[in-house]
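Okay, so here's the structure we're looking at.
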Amino acid sequence: MKKKFKMSNLDCAHCASKMEDAIKKIDGVEDATVSFIMQKLTLQADDERFDSIMKEVVSICKRIEPDCTIEV
Amino acid sequence: MTKNQKIMLGRIIAAAVLYAAVILGTSMKGAEDFLKFPYLFLLYLIPYLVIGWDIVYKAARNISHGQVFDENFLMCIATFGAFGVNEYKEAVAVMLFYQVGELFQNYAVNRSRQSITALMDICPEYANVEVDGELRQLDPDDVEIGTVITVKPGERIPLDGVVVEGASMIDTSALTGESVPRKVQKGEEIISGCINGSGLLKVKTTKEFDDSTVAKILELVENASSKKAKAENFITKFARYYTPIVVCAAVLLALLPPLILGEPFAEWVKSACIFLVISCPCALVISVPLSFFGGIGAASKKGVLVKGSNYLEALAKLDTIVFDKTGTLTKGEFKVSEIIPVGDEKAGLLEMAAYAECYSDHPAAKSICEAFKKTVDSTQVEKVEEIAGHGVKAIWNGKTILAGNEKLMQRFGVNMIPCESIGTVVYLAKDGVFQGAIVISDRIKENAKRAVQRLKTDGVKKTVMLTGDRKQTGEKVAEQIGIDEVYTELLPQQKVEKVEILLQELGGKEKLAFVGDGINDAPVLSRADIGIAMGSMGSDAAIEAADVVLMDDDPEKISDVVAIARKTLKIVKQNITFALAVKAIVLLLGAFQVANMWEAVFADVGVSVIAILNAARALKVKK
């Protein structure tokens with residue numbers, strides 16, 4: 001399943017690429033992009049585990065850039 | 001400015017005023033008492049905290065999250081270090097300038113982002129649907145196929161469909177970059193994303209929103225940034241190593257000279273702080289993708305969709321361009337120009353051809369059916385077999401009809417009289433007996449010649465045309481347009497082979513582009529370094545297979561997009577060299593204790609801002 005999420009307060013381009021790397025490493029994630037310019041996260045992941053993966057994604061983003069929120 | 005930016009501006013002004021007050025106050029007569037340790041420190045701490053409390057807070061918080069080497073932390077260390085060596089003035093100034101730079105950077109990025117998203121502001125918000133006798137505004141997502149929607153004057157067309165009532169001029173510029181409005185009337189197809197002119201239109205939708213043109217284009221452009229150019233990957237990799245290395249160097253710089261050479265700590269801690277300030281790679285990490293995105297944005301303003309920064313990078317190195325003929329250099333509007341029967345049964349020959357070709361999508365087939373004018377009763381036709389690159393074989397009223405080129409006739413051993421007319425010739429045979437030929441000719445696009453010339457002056461070394469058409473026709477078209485090499489009578493798979501050969505002839509960094517309309521040439525489109533497809537004529541498959549889509553089918557746009565690609569790449573290179581050079585110089589000066597904090601702050605945020613402003617140029621297009 002592929003889904004897009006809007007992100008807000010993603011202020012640092014370097015953080016965006018760090019997030020992208022970290023999200024790609026989550027088990028069950030097929031592909032992920034964090035676009036600093038569009039302020040958007042595109043996540044392609046296992047259908048069945050999507051919700052739990054998403055929780056992990058949110059916590060990763062919180063860790064890297066605490067001010068940044070993903071609008072689910 | 002956003003609310004956060006305004007707050008930040010307020011803080012900067014307040015801190016600057018306080019800072020100036022402290023400097024003035026402490027330099028007045030009678031203030032000597034305050035120049036001693038805790039007082040002076042505490043005085044400077046006031047503007048420092050006003051401007052930098054959030055940085056300190058974020059640094060502490062991020063460390064607790066395990067994120068050590070971020071900008072906030074580095075700025076804290078640098079300014080704490082400055083306080084530690086009694087450089088209070090500099091400590092505050094560094095923080096102040098850092099924040100000014102950040103604010104400016106934030107503002108510039110937002111501006112660029114807005115102008116990019118404005119380009120993509122083609123998304124319709126609602127569709128007018130008649131429910132119980134009154135018009136309601138529905139979400140385009142909820143409109144089913146076959147619904148009749150009303151598009152009022154000035155509204156954006158929300159879904160792809162066919163006009164069932166009314167006529168109007170529609171503005172397609174958001175999609176095609178073409179400023180001349182297009183006339184539409186009953187029975188014509190219209191695509192979503194265009195703006196309706198002065199007439200009221202009733203449109204029967206043919207696609208759901210997710211499959212409509214506008215949704216597809218938005219998806220393409222948004223995903224474009226995920227296909228990264230080499231320059232972008234280089235920067236990401238570079239950033240991964242750069243920061244830790246500079247931070248380690250800073251630690252060594254602070255410790256080694258004092259410990260080994262017995263030099264004063266204060267001086268070297270200052271150098272180390274300079275290193276830390278410069279250690280953030282943000283200027284590069286922001287400006288390079290921003291430039292590419294700007295380039296993609298500029299191209300889409302011109303009506304050219306580029307599906308990734310990597311293709312923009314490849315386009316800048318374009319060396320060989322291969323064109324398909326039909327629909328690319330020629331209009332693809334075939335008209336029957338001659339009917340040459342063996343006997344004198346012109347109408348009969350046309351009828352036979354129309355029946356044989358009635359199932360085919362080939363442009364030649366369509367024009368035969370068009371010329372026939374009467375409706376074809378397709379139940380009379382059976383066992384239709386399309387032989388790629390040859391033609392069609394079908395059974396009509398029990399007779400085997402062959403309709404196709406010379407090769408088809410040879411394949412079935414039909415004795416035929418070759419036709420010398422220029423154009424596409426469809427030979428016809430009934431039960432193995434030659435019946436005659438129908439000539440269909442196509443017209444060369446008005447600007448095809450100029451397109452090829454412009455590409456040549458832009459430095460494209462070789463122009464090639466491939467066509468499945470006959471030698472005479474192909475060569476004549478190539479000559480008229482000014483193409484260097486032409487290969488004719490090719491089957492679709494032979495086009496791939498030709499492109500493979502041309503690819504091998506290229507030098508290391510040179511790139512080959514193939515331009516086609518996507519009918520029959522999807523494999524070639526994907527085999528070439530850059531596949532360029534005609535968007536409005538071409539099928540969905542072409543848009544899918546291609547890397548670059550020309551929305552208005554104008555071949556001249558290729559040289560526009562090459563120019564945009566070159567400009568973008570130039571900006572990227574400028575940014576990379578500029579940022580790296582400034583950082584390297586300041587690092588070097590810092591290591592020899594020549595540079596001060598101010599230069600370090602410039603090398604960090606100053607360079608970022610300049611690089612972002614430079615990147616914003618990529619978005620601008622010449623009209």
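By order of appearance in the structure tokens: chains A, B, ..., then residues from 1 within every chain, and ligands from 1 in the order shown.
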
Per DSSP on the backbone, filter chain A down to the residues in strand (DSSP E) and report them as number ranges by chain.
A: 2-8, 29-35, 40-45, 69-71

Where does chain B meet chain A within 6 Å, residue by residue, with the nearest atom pair and distance in Å to one decimal for each, counting only C-alpha atoms, listed by chain and rising number, as a Markdown table?
| residue | atom | partner | partner_atom | distance |
| --- | --- | --- | --- | --- |
| B:His65 | CA | A:Arg63 | CA | 5.6 |
| B:Val285 | CA | A:His14 | CA | 5.8 |
| B:Ile286 | CA | A:Ala13 | CA | 5.3 |

Skip Ile278 of chain B itself and residues of its chain fewer than 6 positions away, then list as a PyMOL selection string all residues within 12 Å of it, counting only C-alpha atoms.
chain B and resi 70-71+74-75+78+94+98+242-247+249-250+271-272+579-590+595-608

Let's have the selection written as a compact mmCIF listing (two decimals), in the first residue's frame, with C-alpha atoms.
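For reference, again_38.txt as written:
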# COMPACT_ATOMS: atom_id res chain seq x y z
CA ASP B 70 22.67 18.60 14.84
CA GLU B 71 22.89 22.28 14.14
CA LEU B 74 26.91 22.65 17.27
CA MET B 75 25.78 26.23 17.77
CA ALA B 78 30.41 27.04 19.58
CA VAL B 94 27.28 34.45 16.49
CA TYR B 98 22.89 32.46 13.09
CA TYR B 242 31.32 15.82 6.42
CA THR B 243 29.78 16.71 9.77
CA PRO B 244 31.41 13.98 11.88
CA ILE B 245 34.79 14.64 10.29
CA VAL B 246 34.67 18.38 10.94
CA VAL B 247 33.49 17.80 14.51
CA ALA B 249 38.77 17.84 13.65
CA ALA B 250 37.39 20.50 15.98
CA SER B 271 39.37 27.72 16.39
CA ALA B 272 37.50 24.60 17.32
CA ALA B 579 29.58 26.26 -0.68
CA LEU B 580 32.45 23.80 -0.55
CA ALA B 581 35.04 26.43 -1.43
CA VAL B 582 33.86 28.93 1.17
CA LYS B 583 33.69 26.24 3.82
CA ALA B 584 37.12 24.88 2.92
CA ILE B 585 38.71 28.31 2.97
CA VAL B 586 37.19 29.27 6.29
CA LEU B 587 38.12 25.89 7.77
CA LEU B 588 41.67 26.39 6.62
CA LEU B 589 41.83 29.94 7.93
CA GLY B 590 40.27 28.74 11.16
CA ALA B 595 39.43 33.36 10.66
CA ASN B 596 37.05 34.64 13.29
CA MET B 597 33.55 33.71 14.33
CA TRP B 598 31.95 36.14 11.91
CA GLU B 599 33.48 34.48 8.93
CA ALA B 600 32.42 31.12 10.28
CA VAL B 601 28.81 32.25 10.61
CA PHE B 602 28.94 33.57 7.08
CA ALA B 603 30.35 30.27 5.85
CA ASP B 604 27.40 28.53 7.44
CA VAL B 605 24.17 30.52 7.13
CA GLY B 606 25.42 33.16 4.72
CA VAL B 607 26.39 30.53 2.21
CA SER B 608 23.07 28.74 2.74

Show which residues sit within 9 Å of Lys567 of chain B, as a ChimeraX atom specification. Count only C-alpha atoms, and ignore same-chain residues fewer than 2 positions away.
/B:295,316,562-565,569-572,617-618

I need the residues in segment 74-197 of chain B that are helix (DSSP H, G or I) according to DSSP; give them as a ChimeraX atom specification.
/B:74-84,88-119,140-142,173-176

Which residue, A:Glu71, A:Lys2, A:Ser8, A:Val58, has the smallest gap to Gln44 of chain A when you use only C-alpha atoms?
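The closest residue to Gln44 of chain A is A:Lys2.
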
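Residue nearest Gln480 of chain B within the list B:Ile13, B:Ala167, B:Leu329, B:Val524: B:Leu329 [criterion: smallest interatomic distance, only C-alpha atoms].
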
Any idea what's packed within 12 Å of Val180 of chain B, counting only C-alpha atoms, ignoring anything in its chain fewer than 2 positions away? Could you give it as a ChimeraX atom specification?
/B:169-174,176-178,182-183,197,552

Those same residues, written as a JSON list (two decimals), in the first residue's frame with C-alpha atoms?
[["chain", "number", "residue", "atom", "x", "y", "z"],
["B", 169, "MET", "CA", -12.62, 28.19, -25.53],
["B", 170, "ILE", "CA", -10.53, 26.45, -22.90],
["B", 171, "ASP", "CA", -7.24, 27.59, -21.45],
["B", 172, "THR", "CA", -4.84, 24.67, -21.39],
["B", 173, "SER", "CA", -1.81, 26.70, -20.34],
["B", 174, "ALA", "CA", -1.50, 25.14, -16.89],
["B", 176, "THR", "CA", 0.65, 22.52, -21.81],
["B", 177, "GLY", "CA", 2.28, 25.91, -21.43],
["B", 178, "GLU", "CA", 0.37, 26.87, -24.58],
["B", 182, "ARG", "CA", -8.30, 25.73, -27.54],
["B", 183, "LYS", "CA", -11.81, 25.58, -28.97],
["B", 197, "GLY", "CA", -13.39, 30.11, -21.00],
["B", 552, "ASP", "CA", 1.39, 19.86, -26.16]]

So that I can see what lies close to Phe104 of chain B, please list as a list in words the residues with an atom at most 10 Å from it, counting only C-alpha atoms and leaving out residues fewer than 2 positions away in the same chain.
Gln5, Leu9, Tyr98, Gln99, Val100, Gly101, Glu102, Asn106, Tyr107, Ala108, Val109, Asn110, Val605, Gly606, Ser608, Val609 and Ile612 of chain B

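Residues in contact with Lys55 of chain A at up to 12 Å, not including ones fewer than 4 positions away on its chain and judged by only C-alpha atoms, are Ile23, Ile26, Arg49, Phe50, Asp51, Ser59, Ile60, Cys61, Lys62, Ile70 and Val72 of chain A.
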
Kindly save the residues from that selection, with C-alpha atoms included, as a PDB file, in the first residue's frame.
ATOM      1  CA  ILE A  23      12.186   4.979   7.736  1.00  0.00           C
ATOM      2  CA  ILE A  26      11.976  -0.220   9.262  1.00  0.00           C
ATOM      3  CA  ARG A  49       1.346  -4.045   9.190  1.00  0.00           C
ATOM      4  CA  PHE A  50       0.776  -0.553   7.846  1.00  0.00           C
ATOM      5  CA  ASP A  51      -0.638   0.923  11.039  1.00  0.00           C
ATOM      6  CA  SER A  59       8.241   7.994  16.547  1.00  0.00           C
ATOM      7  CA  ILE A  60      11.310   8.099  14.318  1.00  0.00           C
ATOM      8  CA  CYS A  61      10.344  11.501  13.015  1.00  0.00           C
ATOM      9  CA  LYS A  62       9.740  12.730  16.543  1.00  0.00           C
ATOM     10  CA  ILE A  70       2.989  14.062  10.473  1.00  0.00           C
ATOM     11  CA  VAL A  72      -2.235  11.264   9.747  1.00  0.00           C
TER      12      VAL A  72
END
